[in-house]
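Just protein.txt here, compact mmCIF, C-alpha atoms:
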```
# COMPACT_ATOMS: atom_id res chain seq x y z
CA MET J 1 0.00 0.00 0.00
CA ILE J 2 2.87 2.35 0.79
CA ALA J 3 4.43 1.62 -2.59
CA SER J 4 1.22 2.36 -4.50
CA TYR J 5 -0.27 5.33 -2.63
CA LEU J 6 0.83 7.88 -5.25
CA MET J 7 -0.98 5.86 -7.89
CA VAL J 8 -4.13 6.08 -5.76
CA ASP J 9 -3.56 9.85 -5.52
CA THR J 10 -3.38 9.93 -9.32
CA VAL J 11 -6.67 8.04 -9.75
CA ASN J 12 -8.34 10.17 -7.08
CA GLY J 13 -7.17 13.38 -8.77
CA TYR J 14 -8.43 12.20 -12.15
CA LEU J 15 -11.88 11.39 -10.77
CA MET J 16 -12.13 14.75 -8.99
CA GLN J 17 -10.85 17.01 -11.76
CA GLN J 18 -12.01 15.18 -14.87
CA LEU J 19 -15.29 13.60 -13.73
CA SER J 20 -16.12 15.80 -10.70
CA LEU J 21 -16.43 12.66 -8.55
CA ASN J 22 -15.14 13.20 -5.03
CA LEU J 23 -15.02 9.60 -3.83
CA ARG J 24 -12.24 10.43 -1.33
CA LEU J 25 -10.27 7.39 -2.48
CA SER J 26 -6.98 8.94 -1.41
CA GLN J 27 -8.22 9.87 2.08
CA VAL J 28 -9.73 6.41 2.68
CA PHE J 29 -6.59 4.68 1.41
CA LYS J 30 -4.31 6.73 3.66
CA LEU J 31 -6.56 6.24 6.67
CA ALA J 32 -6.28 2.50 5.98
CA ILE J 33 -2.47 2.84 5.94
CA ILE J 34 -2.61 4.63 9.31
CA ALA J 35 -4.96 2.00 10.77
CA LEU J 36 -2.87 -0.93 9.52
CA GLY J 37 0.32 0.76 10.69
CA LEU J 38 -1.11 1.24 14.18
CA TYR J 39 -2.40 -2.33 14.19
CA ASN J 40 1.05 -3.71 13.45
CA LEU J 41 2.68 -1.43 16.03
CA LEU J 42 0.23 -2.74 18.63
CA ARG J 43 0.79 -6.32 17.49
CA TRP J 44 4.54 -5.85 17.88
CA ARG J 45 4.03 -4.09 21.25
CA SER J 46 6.00 -1.15 19.95
CA LEU J 47 7.08 1.63 22.32
CA TYR J 48 6.43 4.09 19.49
CA ILE J 49 2.70 3.79 20.22
CA SER J 50 3.14 5.86 23.38
CA TRP J 51 4.95 8.62 21.50
CA ILE J 52 2.38 8.64 18.70
CA LEU J 53 -0.43 8.87 21.25
CA ALA J 54 1.31 11.79 23.00
CA GLY J 55 1.78 13.55 19.67
CA LEU J 56 -1.84 12.97 18.71
CA ILE J 57 -3.03 14.47 22.01
CA LEU J 58 -0.75 17.48 21.54
CA LEU J 59 -2.11 18.10 18.05
CA LEU J 60 -5.80 17.48 18.83
CA VAL J 61 -6.20 19.55 22.01
CA GLY J 62 -6.68 22.78 20.09
CA PRO J 63 -8.94 21.47 17.31
CA ILE J 64 -11.18 19.58 19.77
CA MET J 65 -11.57 22.64 22.00
CA ARG J 66 -12.46 24.75 18.97
CA LEU J 67 -14.89 22.09 17.78
CA LEU J 68 -16.64 22.06 21.17
CA ASN J 69 -16.69 25.84 21.61
CA ALA J 70 -17.57 26.93 18.09
CA PRO J 71 -18.35 24.01 15.75
CA THR J 72 -17.62 24.95 12.15
CA GLU J 73 -16.88 23.09 8.97
CA GLY J 74 -13.40 24.63 8.94
CA VAL J 75 -12.34 22.76 12.06
CA MET J 76 -12.99 19.43 10.37
CA GLN J 77 -11.66 20.55 7.00
CA TYR J 78 -8.34 22.06 8.07
CA ASP J 79 -7.45 21.48 11.73
CA LEU J 80 -8.15 17.75 11.90
CA ALA J 81 -6.96 17.17 8.33
CA PHE J 82 -3.59 18.78 9.10
CA ALA J 83 -3.29 16.77 12.33
CA ILE J 84 -3.99 13.47 10.56
CA ARG J 85 -1.38 14.19 7.87
CA ILE J 86 1.28 14.95 10.48
CA ILE J 87 0.43 11.85 12.51
CA MET J 88 0.53 9.77 9.31
CA PHE J 89 4.21 10.62 8.89
CA PHE J 90 5.03 9.40 12.40
CA VAL J 91 2.90 6.26 12.07
CA VAL J 92 4.61 5.28 8.81
CA ILE J 93 8.15 5.94 10.05
CA ALA J 94 7.40 4.06 13.29
CA PHE J 95 6.05 1.15 11.25
CA CYS J 96 9.18 1.15 9.09
CA LEU J 97 11.51 1.27 12.10
CA GLU J 98 9.71 -1.65 13.73
CA CYS J 99 9.65 -3.49 10.41
CA ILE J 100 13.45 -3.24 10.30
CA LYS J 101 13.54 -5.28 13.53
CA GLN J 102 10.48 -7.50 13.10
CA GLU J 103 10.41 -8.13 9.33
CA PRO J 104 13.86 -7.19 7.97
CA LEU J 105 13.50 -9.18 4.73
CA LEU J 106 10.13 -7.61 3.99
CA TYR J 107 11.55 -4.16 4.68
CA ARG J 108 14.58 -4.68 2.44
CA ARG J 109 12.39 -6.04 -0.34
CA TRP J 110 10.03 -3.07 -0.40
CA VAL J 111 11.67 0.07 1.00
CA VAL J 112 13.69 1.29 -1.98
CA ARG J 113 11.26 -0.27 -4.43
CA SER J 114 8.44 1.86 -3.01
CA LEU J 115 10.48 5.06 -3.48
CA LYS J 116 11.43 4.11 -7.05
CA TRP J 117 7.82 3.33 -7.89
CA GLY J 118 6.79 6.66 -6.44
CA PHE J 119 9.31 8.42 -8.66
CA ILE J 120 7.95 6.59 -11.70
CA VAL J 121 4.38 7.69 -10.87
CA VAL J 122 5.41 11.34 -10.38
CA SER J 123 7.44 11.27 -13.60
CA ALA J 124 4.56 9.72 -15.55
CA ASN J 125 2.19 12.42 -14.31
CA VAL J 126 4.50 15.26 -15.31
CA LEU J 127 5.36 13.67 -18.66
CA ALA J 128 1.64 13.31 -19.35
CA GLY J 129 1.51 17.10 -19.46
CA PHE J 130 4.01 17.18 -22.32
CA LEU J 131 1.60 14.91 -24.20
CA GLY J 132 -1.33 17.24 -23.55
CA LEU J 133 -2.84 15.10 -20.79
CA GLY J 134 -3.54 15.94 -17.18
CA PHE J 135 -3.98 19.33 -15.55
CA PRO J 136 -1.79 22.44 -15.16
CA THR J 137 0.11 23.23 -11.97
CA TYR J 138 -1.28 26.78 -12.09
CA PRO J 139 -4.91 26.53 -13.30
CA ASN J 140 -5.31 30.33 -13.59
CA THR J 141 -2.53 30.66 -16.16
CA GLY J 142 -2.37 27.10 -17.50
CA VAL J 143 1.36 26.93 -16.78
CA GLY J 144 3.09 23.77 -15.55
CA PHE J 145 2.20 20.10 -15.53
CA LYS J 146 1.03 18.25 -12.44
CA GLY J 147 -0.54 15.37 -14.34
CA PHE J 148 -3.63 13.98 -12.66
CA PHE J 149 -2.57 14.85 -9.12
CA TYR J 150 -5.07 17.08 -7.36
CA ALA J 151 -2.75 18.92 -4.95
CA GLY J 152 -0.49 20.75 -7.36
CA ASN J 153 1.48 22.59 -4.67
CA GLU J 154 2.61 19.32 -3.12
CA VAL J 155 3.95 17.80 -6.34
CA SER J 156 7.13 19.87 -6.04
CA ALA J 157 7.80 18.59 -2.52
CA VAL J 158 7.41 14.96 -3.60
CA PHE J 159 9.63 15.65 -6.62
CA VAL J 160 12.30 17.14 -4.34
CA LEU J 161 12.41 14.02 -2.17
CA LEU J 162 12.18 11.30 -4.80
CA SER J 163 14.54 12.91 -7.31
CA ALA J 164 17.22 13.19 -4.59
CA ILE J 165 16.91 9.46 -3.84
CA VAL J 166 16.86 8.32 -7.46
CA CYS J 167 19.69 10.67 -8.54
CA HIS J 168 21.77 9.19 -5.73
CA LEU J 169 21.08 5.67 -6.98
CA VAL J 170 21.90 6.55 -10.59
CA TRP J 171 25.13 8.34 -9.63
CA ASN J 172 26.35 5.38 -7.55
CA LYS J 173 25.22 2.52 -9.79
CA SER J 174 25.69 3.99 -13.29
CA GLY J 175 28.42 5.79 -15.19
CA ILE J 176 28.82 9.52 -15.67
CA LEU J 177 27.26 9.36 -19.15
CA ARG J 178 24.07 7.76 -17.85
CA TYR J 179 23.99 10.24 -14.98
CA GLY J 180 24.28 13.08 -17.50
CA ILE J 181 21.36 11.72 -19.52
CA PHE J 182 19.31 11.19 -16.37
CA SER J 183 20.15 14.74 -15.24
CA CYS J 184 18.54 16.09 -18.41
CA PHE J 185 15.44 14.06 -17.57
CA ILE J 186 15.33 15.48 -14.01
CA LEU J 187 15.73 19.00 -15.37
CA ALA J 188 12.88 18.43 -17.83
CA LEU J 189 10.64 17.26 -14.96
CA GLY J 190 11.51 20.30 -12.84
CA VAL J 191 10.79 22.69 -15.70
CA GLY J 192 7.62 20.75 -16.50
CA ILE J 193 6.26 21.19 -12.96
CA ALA J 194 7.12 24.91 -13.40
CA THR J 195 7.25 25.86 -9.72
CA LYS J 196 10.21 27.84 -8.40
CA ALA J 197 11.08 25.00 -6.03
CA GLY J 198 10.82 22.38 -8.78
CA ILE J 199 13.07 24.24 -11.22
CA LEU J 200 15.62 25.33 -8.60
CA PHE J 201 15.92 21.92 -7.01
CA ALA J 202 16.17 20.16 -10.37
CA ILE J 203 19.31 22.22 -11.02
CA LEU J 204 20.68 21.83 -7.49
CA VAL J 205 20.15 18.08 -7.23
CA ILE J 206 22.05 17.53 -10.48
CA ILE J 207 25.02 19.53 -9.18
CA LEU J 208 24.97 18.59 -5.51
CA THR J 209 24.36 14.82 -5.74
CA PRO J 210 27.94 14.13 -6.96
CA MET J 211 29.29 16.59 -4.37
CA VAL J 212 27.59 15.10 -1.31
CA ASN J 213 28.74 11.67 -2.43
CA PHE J 214 32.29 12.78 -1.69
CA ARG J 215 31.07 12.45 1.91
CA GLY J 216 33.93 13.33 4.31
CA ALA J 217 35.80 14.96 1.43
CA LEU J 218 32.84 17.20 0.65
CA PHE J 219 34.98 20.34 0.48
CA SER J 220 38.08 18.73 -1.00
CA PRO J 221 39.70 20.25 -4.12
CA ARG J 222 38.36 17.36 -6.20
CA SER J 223 34.80 17.95 -4.99
CA LEU J 224 34.99 21.70 -5.59
CA LEU J 225 36.45 21.07 -9.05
CA LEU J 226 33.54 18.76 -9.92
CA PHE J 227 31.08 21.36 -8.60
CA SER J 228 32.71 24.05 -10.77
CA VAL J 229 32.67 21.83 -13.86
CA LEU J 230 29.00 20.85 -13.44
CA THR J 231 27.99 24.47 -12.80
CA LEU J 232 29.93 25.58 -15.88
CA VAL J 233 28.38 22.88 -18.07
CA ILE J 234 24.85 23.79 -16.97
CA SER J 235 25.52 27.51 -17.42
CA LEU J 236 26.96 27.08 -20.91
CA THR J 237 24.09 24.79 -21.88
CA ALA J 238 21.59 27.38 -20.64
CA LEU J 239 23.33 30.07 -22.69
CA GLN J 240 23.22 27.91 -25.80
CA LEU J 241 19.51 27.27 -25.25
CA ALA J 242 18.71 30.83 -24.14
CA SER J 243 16.16 31.51 -26.89
CA PHE J 244 14.41 28.21 -26.22
CA ILE J 245 14.34 28.77 -22.44
CA GLU J 246 12.97 32.31 -22.82
CA GLY J 247 10.09 30.91 -24.84
CA LEU J 248 9.02 28.47 -22.13
CA PRO J 249 5.75 29.45 -20.37
CA ALA J 250 7.32 28.65 -16.99
CA PHE J 251 10.23 31.04 -17.65
CA GLN J 252 7.90 33.78 -18.86
CA GLN J 253 5.76 33.47 -15.74
CA LEU J 254 8.79 33.54 -13.43
CA GLN J 255 10.22 36.53 -15.29
CA ALA J 256 6.92 38.42 -15.03
CA ASN J 257 6.60 37.66 -11.32
CA PHE J 258 10.15 38.76 -10.64
CA SER J 259 9.77 42.05 -12.53
CA GLN J 260 6.50 42.85 -10.73
CA LYS J 261 7.39 41.80 -7.18
CA GLY J 262 11.14 42.09 -6.71
CA ILE J 263 13.36 39.39 -5.28
CA TRP J 264 11.91 39.18 -1.73
CA GLN J 265 8.27 38.91 -2.77
CA PHE J 266 9.30 36.71 -5.70
CA ILE J 267 10.81 34.19 -3.27
CA LEU J 268 7.94 34.29 -0.78
CA SER J 269 5.11 34.74 -3.35
CA GLY J 270 3.16 37.05 -1.05
CA ARG J 271 3.61 34.91 2.05
CA ASP J 272 5.26 37.86 3.79
CA VAL J 273 1.79 39.46 3.84
CA PHE J 274 0.30 36.37 5.49
CA LEU J 275 3.17 36.35 8.00
CA ALA J 276 2.46 39.98 8.87
CA LEU J 277 -1.25 39.18 9.31
CA PHE J 278 -0.45 36.31 11.65
CA TRP J 279 1.86 38.49 13.72
CA GLN J 280 -0.82 41.16 13.91
CA SER J 281 -3.34 38.56 15.08
CA LEU J 282 -1.01 37.61 17.95
CA ILE J 283 -0.74 41.26 18.97
CA ASP J 284 -4.50 41.81 18.73
CA THR J 285 -5.50 38.83 20.86
CA GLY J 286 -2.59 38.47 23.28
CA ASN J 287 -4.14 35.24 24.59
CA VAL J 288 -1.78 32.75 26.28
CA ALA J 289 -4.08 29.81 25.49
CA ARG J 290 -4.00 30.78 21.83
CA ILE J 291 -0.19 30.65 21.87
CA LEU J 292 -0.19 27.22 23.53
CA ILE J 293 -2.85 25.44 21.46
CA GLY J 294 -3.44 27.75 18.47
CA ASP J 295 -6.73 29.20 17.30
CA GLY J 296 -7.04 27.79 13.79
CA GLY J 297 -7.18 29.82 10.63
CA ALA J 298 -10.15 32.04 11.55
CA TYR J 299 -8.14 35.29 11.56
CA MET J 300 -6.38 34.42 8.30
CA LEU J 301 -9.66 33.47 6.62
CA ALA J 302 -11.31 36.70 7.76
CA HIS J 303 -8.50 39.02 6.62
CA ALA J 304 -6.88 37.23 3.68
CA ASN J 305 -9.45 34.63 2.61
CA LYS J 306 -6.76 31.98 3.14
CA GLU J 307 -6.90 29.04 5.52
CA ALA J 308 -3.10 28.98 5.93
CA ALA J 309 -0.07 31.24 5.59
CA GLU J 310 1.68 28.53 3.51
CA ILE J 311 4.74 28.81 5.77
CA ASP J 312 4.76 25.50 7.61
CA PRO J 313 6.14 26.64 11.00
CA ILE J 314 3.60 29.47 11.08
CA ASP J 315 0.75 27.19 10.04
CA ILE J 316 1.63 24.70 12.79
CA PHE J 317 1.76 27.56 15.31
CA MET J 318 -1.57 28.85 14.04
CA TYR J 319 -3.42 25.54 14.19
CA PHE J 320 -1.69 23.63 17.00
CA GLY J 321 0.25 26.14 19.08
CA PHE J 322 3.82 27.11 19.84
CA PRO J 323 4.94 23.80 21.50
CA ALA J 324 3.89 21.77 18.43
CA MET J 325 5.82 24.16 16.18
CA VAL J 326 8.98 23.85 18.31
CA ILE J 327 8.78 20.05 18.31
CA LEU J 328 8.41 19.85 14.52
CA ILE J 329 11.29 22.29 14.01
CA ALA J 330 13.39 20.10 16.31
CA PHE J 331 12.48 17.02 14.27
CA SER J 332 13.42 18.84 11.05
CA ILE J 333 16.80 19.86 12.47
CA ALA J 334 17.38 16.28 13.66
CA SER J 335 16.52 15.01 10.16
CA ILE J 336 19.47 17.08 8.88
CA VAL J 337 21.92 16.38 11.71
CA LEU J 338 21.45 12.58 11.63
CA PRO J 339 22.40 11.99 7.95
CA LEU J 340 25.19 14.54 8.35
CA ARG J 341 26.65 12.51 11.23
CA ARG J 342 26.35 9.31 9.18
CA LEU J 343 27.62 10.81 5.95
CA ASN J 344 30.80 8.70 5.96
CA THR J 345 29.20 5.41 6.97
CA HIS J 346 25.73 5.16 5.45
CA TYR J 347 24.98 4.51 1.80
CA PHE J 348 21.82 6.66 1.63
CA ALA J 349 22.95 9.47 3.97
CA PRO J 350 24.01 11.87 1.13
CA ALA J 351 20.62 11.65 -0.61
CA ILE J 352 18.62 11.96 2.61
CA LEU J 353 20.74 14.91 3.77
CA LEU J 354 20.21 16.71 0.47
CA ALA J 355 16.46 16.01 0.47
CA ASN J 356 15.89 17.01 4.11
CA ILE J 357 17.81 20.29 3.78
CA ALA J 358 15.81 21.15 0.66
CA LEU J 359 12.48 20.19 2.28
CA PHE J 360 13.21 22.24 5.41
CA GLY J 361 13.89 25.29 3.24
CA PHE J 362 10.84 24.45 1.14
CA ALA J 363 8.70 24.26 4.31
CA VAL J 364 9.76 27.76 5.33
CA ILE J 365 9.43 29.60 2.02
CA ALA J 366 6.73 27.61 0.21
CA GLY J 367 4.87 25.43 2.74
CA HIS J 368 2.97 22.23 1.94
CA VAL J 369 5.70 20.01 3.43
CA TRP J 370 4.90 19.25 7.08
CA THR J 371 1.17 19.18 6.33
CA SER J 372 1.39 17.33 3.02
CA GLY J 373 -0.62 14.14 2.66
CA MET J 374 1.14 13.44 -0.62
CA LEU J 375 4.69 13.77 0.74
CA SER J 376 4.51 12.40 4.29
CA ILE J 377 4.45 8.66 3.47
CA ALA J 378 7.40 8.69 1.06
CA TRP J 379 9.29 11.08 3.36
CA ALA J 380 8.85 8.74 6.31
CA VAL J 381 10.00 5.73 4.27
CA ALA J 382 13.09 7.57 2.99
CA ASN J 383 14.17 8.71 6.46
CA SER J 384 13.71 5.22 7.88
CA LEU J 385 16.59 4.10 5.64
CA LEU J 386 18.99 5.89 7.98
CA PHE J 387 18.21 3.41 10.75
CA VAL J 388 19.35 0.37 8.79
CA SER J 389 22.94 -0.06 9.92
CA ASP J 390 24.74 -3.21 8.78
CA SER J 391 22.82 -3.81 5.55
CA PHE J 392 23.80 -0.47 4.00
CA LYS J 393 27.04 0.45 5.79
CA GLU J 394 29.77 -1.56 4.13
CA LYS J 395 28.45 -2.09 0.64
CA LYS J 396 25.85 -0.82 -1.75
CA PRO J 397 22.60 -2.71 -1.24
CA ASP J 398 21.18 -5.06 -3.81
CA LEU J 399 18.21 -3.01 -5.01
```

In C-alpha cells, write the structure found in this file.
Amino acid sequence: MIASYLMVDTVNGYLMQQLSLNLRLSQVFKLAIIALGLYNLLRWRSLYISWILAGLILLLVGPIMRLLNAPTEGVMQYDLAFAIRIIMFFVVIAFCLECIKQEPLLYRRWVVRSLKWGFIVVSANVLAGFLGLGFPTYPNTGVGFKGFFYAGNEVSAVFVLLSAIVCHLVWNKSGILRYGIFSCFILALGVGIATKAGILFAILVIILTPMVNFRGALFSPRSLLLFSVLTLVISLTALQLASFIEGLPAFQQLQANFSQKGIWQFILSGRDVFLALFWQSLIDTGNVARILIGDGGAYMLAHANKEAAEIDPIDIFMYFGFPAMVILIAFSIASIVLPLRRLNTHYFAPAILLANIALFGFAVIAGHVWTSGMLSIAWAVANSLLFVSDSFKEKKPDL
C-alpha cells in the first residue's frame, strides 16, 4: 500500500478534476495505511505507540476545543486534516523502524522499491503534461504540468524528495554518461512542474548529488572542481539554449513575477503578507491559550481569505500552538543532523541529507511540506533508511 499510494492519488485526482467525482479514495486509502500501521505497532508491542499517542493528544487539544466551543466546517476541513497528515508521517516511520527489527527481509524487499515506484508515478504524471494530458500546476494561467494529481502545490515537494533518492542511486550505480542523460530528464521534470522550487531543485540536485557523495571529502579540491565543472556545463548549456528557455511558459511566468514583485516577494510569493497578518493577530489577541494550542485559521480566513499562511512553522503555530511548532522544528533539524553525522558510513545518507535540507527550506518559504498528505508517506520511508545499519554500511545494497 505504501508503494502504490501515489498511484491512488493519481486516480483520485483524475476522478475529482475530470469527472467531478469526489469519492475520497486517497483519504480512505491513507486512513487505511494509518490504521494498519497502528495495528502492526500494537501487534509488535512497539514503544512508538506511546509517542504517537502523545503527539496525537498534543495536536488534537486545540482542534477539539475549537470544535466544542464553536463548531464549524473549517475545524474538520483544516485542523483535523492537518493533524492526521502529520500523525501519518510518524505512524509510517514508526512502522518502518519496527519493520526493520520485526520483518527485515520484507523491509529490504520493499523500502527502496516503493520510493522508485513513487518516482515513476510522479514522472509519468509530469510527462503526461508534455503529451497534452492531465492538468496544469497553475490553473489560472495554465502553466506547468502536475498530471492527474489534485494537490499541485505538493507535487514539487514529492519531486524534491524522490529525485534526490533516485539521482543518488543513478550516480552510484551507473556511469557519468548515464547520470548526464538522467540529469537532463530530471531538469525536464523540474521545468515541466514549473514551480520555483521544482526548477531550482532540479538544477541543485544535479550539481549537488555528486558533491555530497564525496562524503567526508565534501569540500576537498576534487569535490569543488567537480562542482565548478558541473555548474559551468549547466551555465553554458543554458546560454546555448537561451532563446528556447525564454520561450518556455514557466520562464515567462517567473520573469513576469520577478519584474512585478522584486526578489523578496518573488521568493515568498506574497507569504510575507500572510506572515504579517499572523503576527498582527497575535498582537490583537494576546491570549496565552492561543499561543499554547493555536486558534485555527479564523483570523487568516477573515483578513486574507486563506486558511493557511503557507509557511509550515507558522501554520503549525496557528493551528496547533507554539509547542507543536517547536517540536516539529526540532524534528526537522534532527533530520538534517542525523544523515550529516552518518555521511561517511551510510549509503543513503548523502541523498537523505540533500532532500531534508531542501524540504526544510521548502517548508519555510513555500509550505505544503509538514502538512502534506502526498509527501509524508514517502518522506517517512526515505528517512527510515537511515536506521538500517549493517545492511547499507559496508556495501551498496542489492536493489

I need the residue nearest Ser372 (chain J) from this list: J:Val155, J:Val61, J:Leu67, J:Leu232. Use all atoms listed in the file for the distance.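 Between J:Val155, J:Val61, J:Leu67, J:Leu232, the residue approaching Ser372 (chain J) most closely is J:Val155.
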
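Distances to Ala298 (chain J) were evaluated for J:Phe159, J:Tyr78, J:Phe348, J:Phe89 using all atoms listed in the file, and the minimum falls at J:Tyr78.
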
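You can rank J:Ile165, J:Ile329, J:Leu208, J:Ala197 by their closest distance to Tyr347 (chain J) using all atoms listed in the file, and at the top of that list sits J:Ile165.
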
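If only C-alpha atoms are the atoms counted, then among J:Gly190, J:Ala351, J:Ile203, J:Tyr39 the closest residue to Trp171 (chain J) is J:Ala351.
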
Just want the 7 Å neighbourhood of region 317-327 of chain J, counted on all atoms listed in the file, with same-chain residues fewer than 6 positions away dropped. Output as a PyMOL selection string. chain J and resi 59+62+79+290-297

Closest of J:Asp312, J:Ile176, J:Gly192, J:Ala70 to Val126 (chain J) - atom-to-atom distances counting all atoms listed in the file: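 Of the candidates, the smallest distance to Val126 (chain J) is held by J:Gly192.
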
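Between CA of Gly118 (chain J) and CA of Lys30 (chain J) there is a distance of 15.0 Å.
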
For Leu127 (chain J), which of J:Leu189, J:Ala355, J:Ile199, J:Leu338 is the closest residue, counting only C-alpha atoms? J:Leu189

Which residues of region 108-172 of chain J come within 10 Å of region 382-391 of chain J, and for each one, what is the closest pair of atoms and their distance in Å to one decimal, counting only C-alpha atoms, sorted by chain and residue number, as a tab-separated table?
```
residue	atom	partner	partner_atom	distance
J:Arg108	CA	J:Ser391	CA	8.9
J:Val111	CA	J:Leu385	CA	7.9
J:Val112	CA	J:Ala382	CA	8.0
J:Ser114	CA	J:Ala382	CA	9.5
J:Leu115	CA	J:Ala382	CA	7.4
J:Leu161	CA	J:Ala382	CA	8.3
J:Leu162	CA	J:Ala382	CA	8.7
J:Ile165	CA	J:Ala382	CA	8.1
```

Create the file for the chosen residues now, containing C-alpha atoms and written as a PDB file, keeping the file's coordinate frame.
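Output file out_2.pdb is given in full below:
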```pdb
ATOM      1  CA  ARG J 108      14.580  -4.680   2.440  1.00  0.00           C
ATOM      2  CA  VAL J 111      11.670   0.070   1.000  1.00  0.00           C
ATOM      3  CA  VAL J 112      13.690   1.290  -1.980  1.00  0.00           C
ATOM      4  CA  SER J 114       8.440   1.860  -3.010  1.00  0.00           C
ATOM      5  CA  LEU J 115      10.480   5.060  -3.480  1.00  0.00           C
ATOM      6  CA  LEU J 161      12.410  14.020  -2.170  1.00  0.00           C
ATOM      7  CA  LEU J 162      12.180  11.300  -4.800  1.00  0.00           C
ATOM      8  CA  ILE J 165      16.910   9.460  -3.840  1.00  0.00           C
TER       9      ILE J 165
END
```

Rounded to one decimal, what separation in Å do you get between CA of Arg215 (chain J) and CA of Arg342 (chain J)?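 A separation of 9.2 Å between them.
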
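As for CA of Lys101 (chain J) and CA of Leu36 (chain J), they are spaced 17.4 Å apart.
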
Excluding Cys167 (chain J) and residues on its chain fewer than 2 positions from it, collect all residues at most 9 Å away from it, counting all atoms listed in the file, and give them as a list in words.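 Here the qualifying residues turn out to be Leu162, Ser163, Ala164, Ile165, Leu169, Val170, Trp171, Asn172, Tyr179, Phe182, Ser183, Ile186, Val205, Ile206, Thr209 and Ala351 of chain J.
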
For the selection just defined, write its residues with C-alpha atoms to a file, as a PDB file, in the frame of the given file.
```pdb
ATOM      1  CA  LEU J 162      12.180  11.300  -4.800  1.00  0.00           C
ATOM      2  CA  SER J 163      14.540  12.910  -7.310  1.00  0.00           C
ATOM      3  CA  ALA J 164      17.220  13.190  -4.590  1.00  0.00           C
ATOM      4  CA  ILE J 165      16.910   9.460  -3.840  1.00  0.00           C
ATOM      5  CA  LEU J 169      21.080   5.670  -6.980  1.00  0.00           C
ATOM      6  CA  VAL J 170      21.900   6.550 -10.590  1.00  0.00           C
ATOM      7  CA  TRP J 171      25.130   8.340  -9.630  1.00  0.00           C
ATOM      8  CA  ASN J 172      26.350   5.380  -7.550  1.00  0.00           C
ATOM      9  CA  TYR J 179      23.990  10.240 -14.980  1.00  0.00           C
ATOM     10  CA  PHE J 182      19.310  11.190 -16.370  1.00  0.00           C
ATOM     11  CA  SER J 183      20.150  14.740 -15.240  1.00  0.00           C
ATOM     12  CA  ILE J 186      15.330  15.480 -14.010  1.00  0.00           C
ATOM     13  CA  VAL J 205      20.150  18.080  -7.230  1.00  0.00           C
ATOM     14  CA  ILE J 206      22.050  17.530 -10.480  1.00  0.00           C
ATOM     15  CA  THR J 209      24.360  14.820  -5.740  1.00  0.00           C
ATOM     16  CA  ALA J 351      20.620  11.650  -0.610  1.00  0.00           C
TER      17      ALA J 351
END
```
